[in-house]
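Undergrad: As input, take query25.txt (compact mmCIF, C-alpha atoms and all ligand atoms):
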# COMPACT_ATOMS: atom_id res chain seq x y z
CA MET A 1 -142.86 -90.33 57.44
CA GLN A 2 -142.32 -91.99 60.80
CA VAL A 3 -139.20 -94.00 61.41
CA VAL A 4 -138.40 -96.43 64.18
CA CYS A 5 -134.81 -97.65 64.56
CA VAL A 6 -133.73 -100.77 66.40
CA GLU A 7 -130.31 -102.31 66.79
CA SER A 8 -130.89 -106.04 66.38
CA GLY A 9 -133.05 -108.62 64.67
CA LYS A 10 -134.57 -109.64 67.99
CA ALA A 11 -135.54 -106.06 68.81
CA ALA A 12 -137.04 -105.72 65.32
CA LEU A 13 -139.22 -108.81 65.78
CA ASN A 14 -140.38 -107.56 69.19
CA ILE A 15 -141.42 -104.18 67.85
CA LEU A 16 -143.13 -105.76 64.82
CA ALA A 17 -145.08 -108.06 67.14
CA ASP A 18 -146.23 -104.99 69.10
CA ALA A 19 -147.08 -103.12 65.92
CA GLU A 20 -149.45 -105.85 64.78
CA GLN A 21 -151.76 -104.88 67.62
CA ARG A 22 -152.12 -101.26 66.60
CA LYS A 23 -152.71 -99.50 63.30
CA PRO A 24 -151.06 -98.36 61.20
CA ALA A 25 -148.36 -100.99 61.32
CA PHE A 26 -145.10 -100.61 59.43
CA ASP A 27 -145.11 -100.19 55.63
CA ILE A 28 -141.43 -100.85 55.02
CA ALA A 29 -138.57 -102.47 56.89
CA ILE A 30 -134.98 -101.73 55.89
CA LEU A 31 -132.74 -104.45 57.24
CA ASP A 32 -129.00 -104.37 57.49
CA HIS A 33 -127.46 -107.56 56.15
CA MET A 34 -124.65 -108.13 58.64
CA MET A 35 -125.87 -107.76 62.20
CA PRO A 36 -124.62 -109.58 65.31
CA GLY A 37 -126.87 -112.38 66.52
CA MET A 38 -129.59 -112.59 63.90
CA ASP A 39 -128.48 -111.31 60.49
CA GLY A 40 -130.68 -109.53 57.96
CA GLU A 41 -131.33 -112.66 55.92
CA GLU A 42 -132.59 -114.60 58.92
CA LEU A 43 -134.66 -111.65 60.09
CA GLY A 44 -136.18 -111.36 56.61
CA ARG A 45 -137.04 -115.06 56.63
CA ARG A 46 -138.76 -114.78 60.00
CA ILE A 47 -140.72 -111.70 58.95
CA ARG A 48 -141.87 -113.46 55.79
CA LYS A 49 -143.06 -116.44 57.85
CA CYS A 50 -145.33 -114.11 59.77
CA GLY A 51 -148.63 -113.90 57.90
CA GLU A 52 -149.76 -110.64 59.53
CA LEU A 53 -146.72 -108.86 58.09
CA ALA A 54 -147.28 -110.10 54.54
CA GLY A 55 -148.01 -106.61 53.23
CA MET A 56 -144.83 -105.09 54.58
CA LYS A 57 -142.12 -104.31 52.05
CA LEU A 58 -138.61 -105.51 52.81
CA ALA A 59 -135.37 -103.89 51.74
CA LEU A 60 -131.96 -105.38 52.50
CA ALA A 61 -128.93 -103.10 52.84
CA THR A 62 -125.80 -105.03 52.05
CA SER A 63 -122.14 -104.27 51.41
CA ALA A 64 -121.00 -104.80 47.86
CA GLY A 65 -118.36 -107.31 48.87
CA LEU A 66 -120.98 -109.43 50.60
CA ARG A 67 -123.55 -109.44 47.85
CA LYS A 68 -125.03 -112.70 46.75
CA GLU A 69 -127.23 -113.09 43.75
CA THR A 70 -130.27 -110.85 43.90
CA ALA A 71 -132.34 -113.93 43.11
CA HIS A 72 -131.21 -115.43 46.43
CA PHE A 73 -132.52 -112.45 48.42
CA ARG A 74 -135.71 -112.35 46.38
CA SER A 75 -136.32 -116.01 47.13
CA ILE A 76 -136.26 -115.14 50.84
CA GLY A 77 -138.84 -112.42 50.21
CA PHE A 78 -136.90 -109.17 49.95
CA ASP A 79 -138.45 -106.65 47.56
CA VAL A 80 -135.23 -104.78 46.90
CA CYS A 81 -131.54 -104.83 47.77
CA LEU A 82 -129.58 -101.65 48.47
CA THR A 83 -125.82 -101.63 48.10
CA LYS A 84 -124.10 -99.76 50.92
CA PRO A 85 -123.21 -96.97 51.16
CA VAL A 86 -126.79 -96.01 50.37
CA PHE A 87 -127.07 -92.52 48.95
CA GLN A 88 -130.00 -90.38 50.10
CA SER A 89 -131.66 -89.90 46.70
CA LEU A 90 -131.65 -93.64 46.03
CA LEU A 91 -133.02 -94.33 49.47
CA PHE A 92 -135.88 -91.88 48.91
CA ASP A 93 -136.57 -93.27 45.44
CA THR A 94 -136.57 -96.79 46.77
CA ILE A 95 -139.01 -95.90 49.53
CA ALA A 96 -141.22 -94.07 47.02
CA HIS A 97 -141.05 -97.06 44.69
CA LEU A 98 -141.91 -99.50 47.46
CA CYS A 99 -144.85 -97.31 48.47
CA GLY A 100 -146.03 -97.33 44.86
CA ARG A 101 -145.90 -93.56 44.57
CA ALA A 102 -144.59 -91.53 41.70
CA ILE A 103 -141.27 -90.10 42.74
CA SER A 104 -141.93 -86.67 41.29
CA GLU A 105 -145.04 -86.25 43.46
CA GLY A 106 -143.35 -86.77 46.82
CA CYS A 107 -141.95 -83.96 48.92
CA ALA A 108 -138.95 -86.19 49.51
CA ALA A 109 -138.07 -85.83 45.85
CA ALA A 110 -138.23 -82.04 46.14
CA ASP A 111 -135.88 -82.14 49.13
CA VAL A 112 -133.47 -84.24 47.17
CA SER A 113 -133.37 -81.98 44.17
CA ASP A 114 -132.85 -78.92 46.41
CA LYS A 115 -130.01 -80.73 48.08
CA GLU A 116 -128.55 -81.79 44.77
CA ARG A 117 -128.72 -78.24 43.48
CA ALA A 118 -126.91 -76.99 46.56
CA GLN A 119 -124.27 -79.66 46.19
CA ALA A 120 -123.83 -78.94 42.52
CA LYS A 121 -123.23 -75.27 43.33
CA ALA A 122 -120.82 -76.03 46.15
CA PRO A 123 -117.14 -75.73 45.31
CA SER A 124 -116.08 -78.91 43.61
CA PRO A 125 -113.41 -81.05 45.23
CA SER A 126 -109.95 -80.08 44.09
CA ARG A 127 -109.01 -83.72 43.94
CA SER A 128 -108.52 -85.05 40.44
CA LEU A 129 -110.30 -88.35 39.95
CA ARG A 130 -109.47 -91.23 37.68
CA ILE A 131 -112.77 -92.10 36.09
CA LEU A 132 -113.89 -94.95 33.86
CA LEU A 133 -116.62 -93.90 31.46
CA ALA A 134 -118.57 -96.80 29.91
CA GLU A 135 -120.83 -95.39 27.20
CA ASP A 136 -121.48 -96.73 23.71
CA ASN A 137 -122.85 -93.53 22.22
CA GLN A 138 -119.86 -91.60 20.88
CA ALA A 139 -121.49 -88.19 21.16
CA ASN A 140 -122.36 -88.80 24.82
CA GLN A 141 -118.92 -90.24 25.43
CA LEU A 142 -117.26 -87.12 24.03
CA LEU A 143 -119.58 -84.75 25.87
CA ALA A 144 -119.08 -86.45 29.24
CA SER A 145 -115.31 -86.66 28.70
CA VAL A 146 -115.11 -82.94 28.01
CA MET A 147 -117.17 -82.13 31.12
CA LEU A 148 -114.95 -84.33 33.28
CA GLN A 149 -111.64 -83.16 31.86
CA ARG A 150 -112.70 -79.54 32.31
CA LYS A 151 -112.63 -80.20 36.08
CA GLY A 152 -109.25 -81.83 35.89
CA HIS A 153 -110.39 -85.45 36.06
CA ARG A 154 -108.72 -88.18 34.05
CA VAL A 155 -111.10 -90.20 31.93
CA ASP A 156 -110.82 -93.50 30.11
CA ALA A 157 -113.75 -94.35 27.89
CA VAL A 158 -114.96 -97.80 26.84
CA GLY A 159 -117.93 -98.73 24.70
CA ASN A 160 -119.43 -101.78 26.34
CA GLY A 161 -119.76 -103.65 29.63
CA ILE A 162 -117.18 -106.33 28.85
CA GLU A 163 -114.50 -103.70 28.38
CA ALA A 164 -115.64 -101.91 31.53
CA VAL A 165 -115.26 -105.05 33.66
CA LYS A 166 -111.79 -105.62 32.18
CA ALA A 167 -110.76 -102.00 32.71
CA VAL A 168 -111.61 -101.84 36.43
CA GLN A 169 -109.43 -104.88 36.97
CA SER A 170 -106.40 -103.36 35.28
CA ILE A 171 -106.53 -99.73 36.48
CA PRO A 172 -107.42 -98.48 39.99
CA TYR A 173 -110.28 -96.13 39.14
CA ASP A 174 -111.91 -93.88 41.73
CA LEU A 175 -115.32 -94.18 40.14
CA VAL A 176 -117.23 -95.64 37.18
CA LEU A 177 -119.86 -93.85 35.10
CA MET A 178 -121.90 -96.66 33.57
CA ASP A 179 -124.35 -96.32 30.72
CA VAL A 180 -127.24 -98.73 31.25
CA GLN A 181 -127.90 -99.66 27.63
CA MET A 182 -124.80 -100.86 25.82
CA PRO A 183 -124.10 -103.59 23.25
CA GLU A 184 -122.26 -106.85 24.11
CA MET A 185 -122.86 -106.46 27.83
CA ASP A 186 -125.17 -103.83 29.32
CA GLY A 187 -124.44 -101.66 32.35
CA LEU A 188 -126.52 -103.75 34.72
CA GLU A 189 -124.70 -106.97 33.94
CA ALA A 190 -121.33 -105.23 33.99
CA THR A 191 -122.14 -103.73 37.41
CA ALA A 192 -123.17 -107.14 38.76
CA LYS A 193 -119.88 -108.58 37.48
CA ILE A 194 -117.85 -105.77 39.08
CA ARG A 195 -119.73 -106.29 42.36
CA SER A 196 -118.69 -109.93 42.37
CA LEU A 197 -114.97 -109.16 41.91
CA PRO A 198 -112.71 -109.89 44.89
CA GLY A 199 -111.74 -107.31 47.52
CA ASP A 200 -111.90 -103.55 47.09
CA LEU A 201 -112.60 -103.82 43.36
CA ALA A 202 -116.17 -104.81 44.19
CA ARG A 203 -116.76 -101.60 46.16
CA ILE A 204 -115.90 -99.02 43.54
CA PRO A 205 -118.67 -96.39 43.29
CA ILE A 206 -120.74 -96.92 40.14
CA ILE A 207 -123.01 -94.15 38.87
CA ALA A 208 -125.53 -95.16 36.22
CA LEU A 209 -126.13 -93.00 33.17
CA THR A 210 -129.77 -93.53 32.37
CA ALA A 211 -131.90 -92.62 29.39
CA ASN A 212 -135.11 -90.77 30.24
CA ALA A 213 -137.20 -93.66 28.97
CA MET A 214 -135.77 -95.83 31.72
CA LYS A 215 -136.57 -93.62 34.68
CA GLY A 216 -139.01 -96.18 36.03
CA ASP A 217 -136.36 -98.87 36.23
CA ARG A 218 -134.47 -97.69 39.29
CA GLU A 219 -135.05 -100.95 41.09
CA LYS A 220 -133.05 -102.68 38.40
CA TYR A 221 -130.10 -100.33 38.95
CA LEU A 222 -130.21 -100.97 42.67
CA ALA A 223 -130.51 -104.70 42.23
CA ALA A 224 -127.46 -104.64 39.98
CA GLY A 225 -125.49 -102.84 42.70
CA MET A 226 -125.27 -99.32 41.31
CA ASN A 227 -124.87 -96.54 43.89
CA ASP A 228 -126.44 -93.56 42.17
CA TYR A 229 -127.64 -92.38 38.76
CA ILE A 230 -127.66 -89.39 36.45
CA SER A 231 -130.26 -88.95 33.73
CA LYS A 232 -129.28 -88.32 30.14
CA PRO A 233 -128.87 -85.89 28.52
CA ILE A 234 -126.15 -85.28 31.09
CA ASP A 235 -126.46 -82.06 33.05
CA GLU A 236 -122.99 -80.79 33.89
CA ALA A 237 -123.88 -79.51 37.37
CA LYS A 238 -125.58 -82.79 38.25
CA LEU A 239 -122.62 -84.77 36.98
CA HIS A 240 -120.17 -82.83 39.14
CA GLY A 241 -122.58 -82.99 42.07
CA ALA A 242 -122.64 -86.79 41.80
CA LEU A 243 -118.85 -86.92 41.56
CA ALA A 244 -118.54 -84.72 44.64
CA ARG A 245 -120.82 -87.08 46.55
CA TRP A 246 -118.89 -90.16 45.57
CA SER A 247 -115.31 -88.97 45.23
CA GLY A 248 -114.52 -90.01 48.80
CA ALA A 249 -116.23 -93.39 48.58
CA PRO A 250 -115.75 -96.04 49.63
CA GLY A 251 -115.24 -95.06 53.22
CA LYS A 252 -115.13 -91.40 54.13
CA LYS A 253 -117.58 -88.93 52.62
CA SER A 254 -120.80 -87.44 53.88
CA GLY A 255 -122.89 -89.75 51.73
CA ASN A 256 -121.35 -92.68 53.52
CA ALA A 257 -121.85 -91.18 56.94
CA LEU A 258 -125.52 -90.82 56.06
CA ALA A 259 -125.68 -94.42 54.92
CA ALA A 260 -124.00 -95.56 58.11
CA ARG A 261 -126.57 -93.69 60.20
CA LYS A 262 -129.49 -95.01 58.22
CA THR A 263 -128.48 -98.62 57.98
CA GLY A 264 -126.08 -99.33 60.82
CA SER A 265 -122.58 -100.60 60.38
CA ALA A 266 -121.80 -103.62 58.25
MN MN B 1 -126.15 -96.63 25.45
Kindly transcribe the structure held in the file into structure tokens.
Ligand code: MN

TA:
Amino acid sequence: MQVVCVESGKAALNILADAEQRKPAFDIAILDHMMPGMDGEELGRRIRKCGELAGMKLALATSAGLRKETAHFRSIGFDVCLTKPVFQSLLFDTIAHLCGRAISEGCAAADVSDKERAQAKAPSPSRSLRILLAEDNQANQLLASVMLQRKGHRVDAVGNGIEAVKAVQSIPYDLVLMDVQMPEMDGLEATAKIRSLPGDLARIPIIALTANAMKGDREKYLAAGMNDYISKPIDEAKLHGALARWSGAPGKKSGNALAARKTGSA
């Protein structure tokens, strides 16, 4: 994979104009939303006006607090929105998805799982987290609660998205584990609602709990504003690995530093 980084919308348009002359041109452009001068929305509009670039996929990296409706970005021509901080595995999956390749076939996916294994084995953070678990299946709820409490985390469990949205507004959680399929309000809608809350509430890390059958639906999780995901049945090492990645967010941890390097500052 070859990557070219530029620091402004104008520089991006210049390099895209050059690239039209030679093959291969760019397959994907990842645009930061808030940039000085020309912002990501305007840059996306200009790229979409350019017929020669019609085949290029567009991803917009935006801060949760600045999110508008996904439909708005789609109407401009973005294929996918990424909520910052963008975690590495989601970035790889998104790129694989945009390229139309099966994730399990790519070497990127292998790198990610090696990394995740290493992280899962690394000593877990001693910090006790306050976690909201939104999961309608009682067996899964119990299992996840036991895994979390074993590491000293405090867990509150709710059974649907409506309760999850209410809970994050009444208690300052460090992180939310969000089942995707729930009655009343599903995890995607609940995430979108949390992302539209005022201030810091909108930036709480949300990790999706996904059934195997839904593995192909990652774009939906991203569009809803989720940061990461864990497949069910829940693997304890992967769960703690994900918590370790996100326990410093928003703001400080290595995952965020990576996102800042990849996407520029907001
Ligand atoms: Mn469920």

Undergrad: Env of Ala25 of chain A: 12 Å cut, atoms = all atoms listed in the file, seq-sep filter 4 positions within chain, self excluded. Answer as a list of chain:residue names.

TA: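 Contacts, with the query itself left out: A:Gln2, A:Val3, A:Val4, A:Ile15, A:Leu16, A:Ala17, A:Asp18, A:Ala19, A:Glu20, A:Gln21, A:Ala29, A:Glu52, A:Leu53, A:Ala54, A:Gly55, A:Met56, A:Lys57.
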
Undergrad: Skip Ala224 of chain A itself and residues of its chain fewer than 5 positions away, then list as a ChimeraX atom specification all residues within 9 Å of it, counting all atoms listed in the file.

TA: /A:70,81,83,187-193,195,219

Undergrad: Output C-alpha atoms for every residue in that selection, as a PDB file, keeping the file's coordinate frame.

TA:
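File written: part.pdb
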ATOM      1  CA  THR A  70    -130.270-110.850  43.900  1.00  0.00           C
ATOM      2  CA  CYS A  81    -131.540-104.830  47.770  1.00  0.00           C
ATOM      3  CA  THR A  83    -125.820-101.630  48.100  1.00  0.00           C
ATOM      4  CA  GLY A 187    -124.440-101.660  32.350  1.00  0.00           C
ATOM      5  CA  LEU A 188    -126.520-103.750  34.720  1.00  0.00           C
ATOM      6  CA  GLU A 189    -124.700-106.970  33.940  1.00  0.00           C
ATOM      7  CA  ALA A 190    -121.330-105.230  33.990  1.00  0.00           C
ATOM      8  CA  THR A 191    -122.140-103.730  37.410  1.00  0.00           C
ATOM      9  CA  ALA A 192    -123.170-107.140  38.760  1.00  0.00           C
ATOM     10  CA  LYS A 193    -119.880-108.580  37.480  1.00  0.00           C
ATOM     11  CA  ARG A 195    -119.730-106.290  42.360  1.00  0.00           C
ATOM     12  CA  GLU A 219    -135.050-100.950  41.090  1.00  0.00           C
TER      13      GLU A 219
END

Undergrad: Around (-129.1, -86.0, 25.7) in the file's frame, which residues reach within 10 Å when counting all atoms listed in the file? Return as a ChimeraX atom specification?

TA: /A:139-140,143,211-212,231-235

Undergrad: Give the residues close to ligand MN 1 (chain B), within 6 Å, counting only C-alpha atoms and all ligand atoms; write them as a list in words.

TA: Glu135, Asp136, Asn137, Asp179, Gln181 and Met182 of chain A

Undergrad: For Phe87 of chain A, which of A:Gly9, A:Lys151, A:Ala61, A:Leu175 is the closest residue, counting all atoms listed in the file?

TA: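 Of A:Gly9, A:Lys151, A:Ala61, A:Leu175, the one nearest Phe87 of chain A, counting all atoms listed in the file, is A:Ala61.
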
Undergrad: I'd like the neighbourhood of Met38 of chain A as a list in words, where a residue qualifies if any of its atoms comes within 12 Å (using all atoms listed in the file), though same-chain residues fewer than 3 positions away should be ignored.

TA: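 The filter keeps Glu7, Ser8, Gly9, Lys10, Ala11, Ala12, Leu13, Leu31, Asp32, His33, Met34, Met35, Glu41, Glu42, Leu43, Gly44, Arg45 and Arg46 of chain A.
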
Undergrad: Have a look at atom CA of Leu90 of chain A and atom CA of Arg48 of chain A and let me know their distance in Å, one decimal.

TA: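 Atom CA of Arg48 of chain A lies 24.3 Å from atom CA of Leu90 of chain A.
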
Undergrad: Looking at A:Ile162, A:Leu209, A:Val86, A:Ile28, which one is nearest to Gln141 of chain A, with distances taken over only C-alpha atoms?

TA: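 With only C-alpha atoms as the atom set, the closest residue is A:Leu209.
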
Undergrad: Here's a test: counting all atoms listed in the file, identify every protein, DNA and RNA residue with an atom at most 10 Å from (-113.5, -87.6, 28.2) in the file's coordinate frame, and state them as a ChimeraX atom specification.

TA: /A:131-133,140-150,153-157

Undergrad: What is the atom CA of Ile95 of chain A to atom CA of Gly37 of chain A distance in Å?

TA: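 Separation between atom CA of Ile95 of chain A and atom CA of Gly37 of chain A: 26.6 Å.
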
Undergrad: What does the distance between atom CA of Asn227 of chain A and atom CA of Arg245 of chain A come to in Å, to one decimal place?

TA: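 Between atom CA of Asn227 of chain A and atom CA of Arg245 of chain A the gap works out to 10.6 Å.
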
Undergrad: From the options A:Ser63, A:Asn14, A:Gln138, A:Ser247, which residue's atoms come nearest to Asn160 of chain A, counting all atoms listed in the file?

TA: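 Ranked by minimum distance to Asn160 of chain A, first place goes to A:Gln138.
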
Undergrad: Taking into account only C-alpha atoms, which residue in the set A:Thr62, A:Gly159, A:His97, A:Ile194 is nearest to Leu82 of chain A?

TA: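 Smallest separation from Leu82 of chain A among the options: A:Thr62.
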